[in-house]
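*Asks:* Enclosed is the structure file protein_2.tsv (TSV, C-alpha atoms and all ligand atoms).
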```tsv
chain	number	residue	atom	x	y	z
A	1	MET	CA	-79.41	-90.20	42.68
A	2	SER	CA	-82.11	-89.29	40.17
A	3	ASP	CA	-83.22	-89.37	36.57
A	4	LYS	CA	-80.39	-86.90	35.97
A	5	THR	CA	-77.78	-89.52	36.88
A	6	ILE	CA	-75.80	-91.37	34.24
A	7	PHE	CA	-74.03	-94.52	35.38
A	8	VAL	CA	-70.67	-95.00	33.64
A	9	LEU	CA	-69.58	-98.61	34.14
A	10	ASN	CA	-66.13	-99.84	33.18
A	11	GLY	CA	-65.00	-103.44	33.05
A	12	PRO	CA	-61.81	-105.44	33.42
A	13	ASN	CA	-58.37	-103.90	33.05
A	14	LEU	CA	-59.70	-100.41	32.36
A	15	ASN	CA	-58.06	-99.41	35.66
A	16	LEU	CA	-54.80	-99.73	33.68
A	17	LEU	CA	-55.77	-97.03	31.19
A	18	GLY	CA	-53.03	-94.49	30.56
A	19	LEU	CA	-50.47	-96.72	32.24
A	20	ARG	CA	-50.02	-99.39	29.51
A	21	GLU	CA	-50.68	-99.70	25.75
A	22	PRO	CA	-51.18	-95.94	25.12
A	23	GLU	CA	-50.85	-96.61	21.36
A	24	ILE	CA	-54.18	-98.49	21.48
A	25	TYR	CA	-56.08	-96.87	24.34
A	26	GLY	CA	-54.55	-93.39	24.63
A	27	SER	CA	-52.65	-91.74	27.46
A	28	GLN	CA	-55.58	-90.60	29.59
A	29	THR	CA	-56.33	-92.47	32.79
A	30	LEU	CA	-59.81	-93.52	33.85
A	31	ASP	CA	-59.71	-90.69	36.41
A	32	ASP	CA	-58.92	-88.23	33.60
A	33	ILE	CA	-61.94	-89.52	31.67
A	34	ALA	CA	-64.12	-89.25	34.79
A	35	GLY	CA	-63.05	-85.61	35.16
A	36	MET	CA	-63.86	-84.85	31.50
A	37	LEU	CA	-67.25	-86.53	31.84
A	38	GLU	CA	-68.09	-84.68	35.04
A	39	ASP	CA	-67.27	-81.33	33.41
A	40	HIS	CA	-69.32	-82.15	30.34
A	41	ALA	CA	-72.20	-83.56	32.42
A	42	GLN	CA	-72.39	-80.28	34.30
A	43	THR	CA	-72.97	-78.40	31.04
A	44	LEU	CA	-75.80	-80.85	30.25
A	45	GLY	CA	-77.38	-80.64	33.71
A	46	LEU	CA	-76.54	-84.26	34.42
A	47	ASP	CA	-74.63	-86.16	37.14
A	48	ILE	CA	-72.10	-88.93	36.59
A	49	ASP	CA	-71.68	-92.04	38.73
A	50	MET	CA	-68.48	-93.63	37.35
A	51	ARG	CA	-67.29	-97.07	38.47
A	52	GLN	CA	-64.80	-99.76	37.40
A	53	SER	CA	-64.57	-103.42	38.28
A	54	ASN	CA	-62.58	-106.41	37.13
A	55	HIS	CA	-65.48	-108.69	38.18
A	56	GLU	CA	-68.34	-109.55	35.85
A	57	GLY	CA	-70.90	-109.91	38.66
A	58	HIS	CA	-70.23	-106.38	39.90
A	59	LEU	CA	-71.14	-105.06	36.46
A	60	VAL	CA	-74.36	-107.12	36.49
A	61	ASP	CA	-75.25	-105.80	39.96
A	62	TRP	CA	-74.58	-102.21	38.90
A	63	LEU	CA	-76.81	-102.56	35.84
A	64	HIS	CA	-79.63	-103.70	38.15
A	65	GLU	CA	-78.82	-100.82	40.52
A	66	ALA	CA	-79.05	-98.31	37.66
A	67	GLN	CA	-82.65	-99.34	37.12
A	68	ALA	CA	-83.43	-99.53	40.86
A	69	VAL	CA	-82.29	-95.95	41.50
A	70	GLY	CA	-83.93	-94.58	38.35
A	71	ALA	CA	-80.76	-93.59	36.50
A	72	LYS	CA	-81.38	-91.93	33.13
A	73	ALA	CA	-78.96	-94.18	31.23
A	74	VAL	CA	-75.87	-96.34	31.52
A	75	LEU	CA	-72.68	-95.92	29.51
A	76	LEU	CA	-71.03	-99.35	29.53
A	77	ASN	CA	-67.49	-100.17	28.49
A	78	ALA	CA	-67.48	-103.82	29.50
A	79	GLY	CA	-63.88	-104.33	28.31
A	80	ALA	CA	-63.22	-107.92	27.27
A	81	TYR	CA	-66.52	-109.08	28.83
A	82	THR	CA	-68.12	-107.33	25.83
A	83	HIS	CA	-67.10	-110.31	23.74
A	84	THR	CA	-67.87	-113.12	26.18
A	85	SER	CA	-70.63	-112.24	28.61
A	86	VAL	CA	-74.12	-113.65	28.14
A	87	ALA	CA	-74.71	-112.52	31.75
A	88	LEU	CA	-74.18	-108.87	30.80
A	89	HIS	CA	-76.35	-109.35	27.69
A	90	ASP	CA	-79.16	-110.73	29.86
A	91	ALA	CA	-78.74	-107.97	32.47
A	92	ILE	CA	-79.05	-105.27	29.80
A	93	LYS	CA	-82.14	-107.00	28.40
A	94	GLY	CA	-83.50	-107.31	31.93
A	95	ILE	CA	-83.58	-103.59	32.72
A	96	ARG	CA	-85.55	-100.79	31.11
A	97	THR	CA	-82.74	-98.26	31.63
A	98	PRO	CA	-81.12	-97.55	28.25
A	99	VAL	CA	-77.55	-98.83	27.95
A	100	ILE	CA	-75.07	-97.31	25.51
A	101	GLU	CA	-72.07	-99.49	24.64
A	102	VAL	CA	-68.80	-97.53	24.64
A	103	HIS	CA	-65.31	-98.46	23.44
A	104	LEU	CA	-62.10	-96.47	23.21
A	105	SER	CA	-60.86	-98.51	20.26
A	106	ASN	CA	-62.91	-99.79	17.33
A	107	PRO	CA	-63.14	-103.53	18.00
A	108	HIS	CA	-64.13	-104.20	14.35
A	109	THR	CA	-60.69	-103.09	13.14
A	110	ARG	CA	-58.98	-105.44	15.60
A	111	GLU	CA	-58.73	-109.21	16.17
A	112	ALA	CA	-61.67	-111.36	15.00
A	113	PHE	CA	-62.48	-112.36	18.60
A	114	ARG	CA	-63.42	-108.73	19.28
A	115	HIS	CA	-65.92	-108.56	16.41
A	116	LYS	CA	-68.75	-110.15	18.38
A	117	SER	CA	-70.38	-108.07	21.10
A	118	TYR	CA	-72.88	-109.62	23.51
A	119	VAL	CA	-73.29	-106.12	24.97
A	120	GLY	CA	-73.93	-104.48	21.59
A	121	MET	CA	-76.61	-107.05	20.74
A	122	ALA	CA	-78.63	-105.85	23.74
A	123	ALA	CA	-77.63	-102.16	23.95
A	124	LYS	CA	-79.53	-99.16	22.64
A	125	GLY	CA	-76.49	-98.20	20.54
A	126	THR	CA	-72.71	-98.26	20.34
A	127	ILE	CA	-69.99	-95.60	20.17
A	128	ALA	CA	-66.50	-96.90	19.49
A	129	GLY	CA	-63.17	-95.85	18.10
A	130	PHE	CA	-62.83	-92.25	19.27
A	131	GLY	CA	-60.58	-92.81	22.28
A	132	ALA	CA	-61.67	-90.98	25.44
A	133	ARG	CA	-63.99	-88.89	23.26
A	134	SER	CA	-66.19	-91.99	22.80
A	135	TYR	CA	-67.38	-91.45	26.38
A	136	ILE	CA	-68.22	-87.78	25.72
A	137	LEU	CA	-70.10	-88.68	22.54
A	138	ALA	CA	-71.97	-91.39	24.44
A	139	LEU	CA	-72.88	-88.88	27.16
A	140	ASP	CA	-74.32	-86.56	24.50
A	141	ALA	CA	-76.31	-89.49	23.13
A	142	ALA	CA	-77.58	-90.31	26.64
A	143	ALA	CA	-78.55	-86.68	27.24
A	144	ALA	CA	-80.60	-86.70	24.04
A	145	LEU	CA	-82.60	-89.81	24.99
B	201	LIG	O1	-61.64	-100.32	23.22
B	201	LIG	C1	-62.19	-100.59	24.30
B	201	LIG	O2	-62.66	-99.72	25.03
B	201	LIG	C2	-62.24	-102.04	24.78
B	201	LIG	O3	-63.47	-102.23	25.50
B	201	LIG	C3	-61.05	-102.22	25.68
B	201	LIG	C4	-60.91	-103.66	26.19
B	201	LIG	C5	-60.92	-104.63	25.03
B	201	LIG	O4	-60.90	-105.95	25.52
B	201	LIG	C6	-62.14	-104.45	24.15
B	201	LIG	O5	-62.06	-105.34	23.06
B	201	LIG	C7	-62.23	-103.04	23.63
B	201	LIG	C8	-59.60	-103.81	26.96
B	201	LIG	C9	-59.47	-102.91	28.11
B	201	LIG	C10	-58.10	-103.08	28.70
B	201	LIG	O6	-57.53	-101.83	28.85
B	201	LIG	C11	-56.18	-101.77	29.03
B	201	LIG	C12	-55.64	-100.51	29.17
B	201	LIG	C13	-54.30	-100.37	29.34
B	201	LIG	C14	-53.49	-101.48	29.38
B	201	LIG	C15	-54.03	-102.74	29.24
B	201	LIG	C16	-55.39	-102.89	29.07
```
Just give me the structure as structure tokens.

*Replies:*
Amino acid sequence: MSDKTIFVLNGPNLNLLGLREPEIYGSQTLDDIAGMLEDHAQTLGLDIDMRQSNHEGHLVDWLHEAQAVGAKAVLLNAGAYTHTSVALHDAIKGIRTPVIEVHLSNPHTREAFRHKSYVGMAAKGTIAGFGARSYILALDAAAAL
């Protein structure tokens, strides 16, 4: 683990990607996205540490870990916790590691309850609405930091 490592943290229900609701989230699984990211990271001279959890506290712990191990940046798709979690907001504020908010869909074109992002209010920036490509674009943004 080094300053070449990018943590890619995924929140609740993203383990279902590619298996349900492909019209919203696409047909690629989280493993497919991990593979794409690893390939792209290699071209950038970076390493990926990709994780998923359905538990808010795991995401908080992993944000702290990113700072503790000196990761270069975190890509965070916090799933529905994006719109509810003051704990994630505080964790992002509590670390110096830059956090880039990522979404497959564009929450602003969806239900009103998705328009508020506690993650986005603390993150360095947000990339949303490009399907699996959002993660690649976010990795490029992280590489350029
Ligand atoms: O667009 C995104 O990436 C979201 O973070 C996805 C979250 C949603 O709550 C956010 O508003 C936007 C939902 C992730 C659930 O993913 C599923 C995938 C397949 C089937 C069911 C859920």

*Asks:* Can you measure CA of Ser27 (chain A) to CA of Phe7 (chain A) for me? One decimal in Å is fine.

*Replies:* 23.0 Å

*Asks:* Taking all atoms listed in the file into account, which residues are within 10 Å of ligand LIG 201 (chain B), as an NGL selection string?

*Replies:* :A and (10-30 or 76-83 or 101-108 or 110-111 or 113-117 or 127-132 or 134-135)

*Asks:* Identify which of the residues A:Ile48, A:Leu37, A:Ala73, A:Ala112 lies closest to Ala144 (chain A), counting only C-alpha atoms when measuring atom-to-atom distances.

*Replies:*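 Looking only at the distances to Ala144 (chain A), the closest residue turns out to be A:Ala73.
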
*Asks:* Using all atoms listed in the file, which of the listed residues (A:Val60, A:Leu145, A:Ile136, A:Ile92) sits closest to His40 (chain A)?

*Replies:*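 So, comparing all the options, the nearest one is A:Ile136.
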
*Asks:* Please define a box with edges along x, y and z of the file around all atoms of region 115-123 of chain A given in the file, extend it by 8 Å on each side, and return its centre and edge lengths in Å to one decimal, as JSON.

*Replies:*
```
{"center_x": -72.3, "center_y": -106.2, "center_z": 20.7, "size_x": 28.7, "size_y": 24.0, "size_z": 24.6}
```

*Asks:* Would you mind reading off the distance between CA of Leu88 (chain A) and CA of Gln42 (chain A), one decimal, in Å?

*Replies:*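 It comes out at 28.9 Å.
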
*Asks:* Near Val8 (chain A), within 7 Å and counting all atoms listed in the file, which residues show up once chain neighbours fewer than 3 positions away are dropped, as a PDB file with C-alpha atoms, in the frame of the given file?

*Replies:*
```pdb
ATOM      1  CA  ILE A  48     -72.100 -88.930  36.590  1.00  0.00           C
ATOM      2  CA  ASP A  49     -71.680 -92.040  38.730  1.00  0.00           C
ATOM      3  CA  MET A  50     -68.480 -93.630  37.350  1.00  0.00           C
ATOM      4  CA  ARG A  51     -67.290 -97.070  38.470  1.00  0.00           C
ATOM      5  CA  VAL A  74     -75.870 -96.340  31.520  1.00  0.00           C
ATOM      6  CA  LEU A  75     -72.680 -95.920  29.510  1.00  0.00           C
ATOM      7  CA  LEU A  76     -71.030 -99.350  29.530  1.00  0.00           C
TER       8      LEU A  76
END
```

*Asks:* For CA of Lys72 (chain A) and CA of Ile6 (chain A), determine how far apart the two atoms are, in Å to one decimal place.

*Replies:*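 Spanning CA of Lys72 (chain A) to CA of Ile6 (chain A) is a straight-line distance of 5.7 Å.
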
*Asks:* Just checking: using all atoms listed in the file, which residue out of A:Ala91, A:Leu137, A:Val86, A:Leu46 ends up closest to His64 (chain A)?

*Replies:*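 Distance minimum relative to His64 (chain A) lands on A:Ala91.
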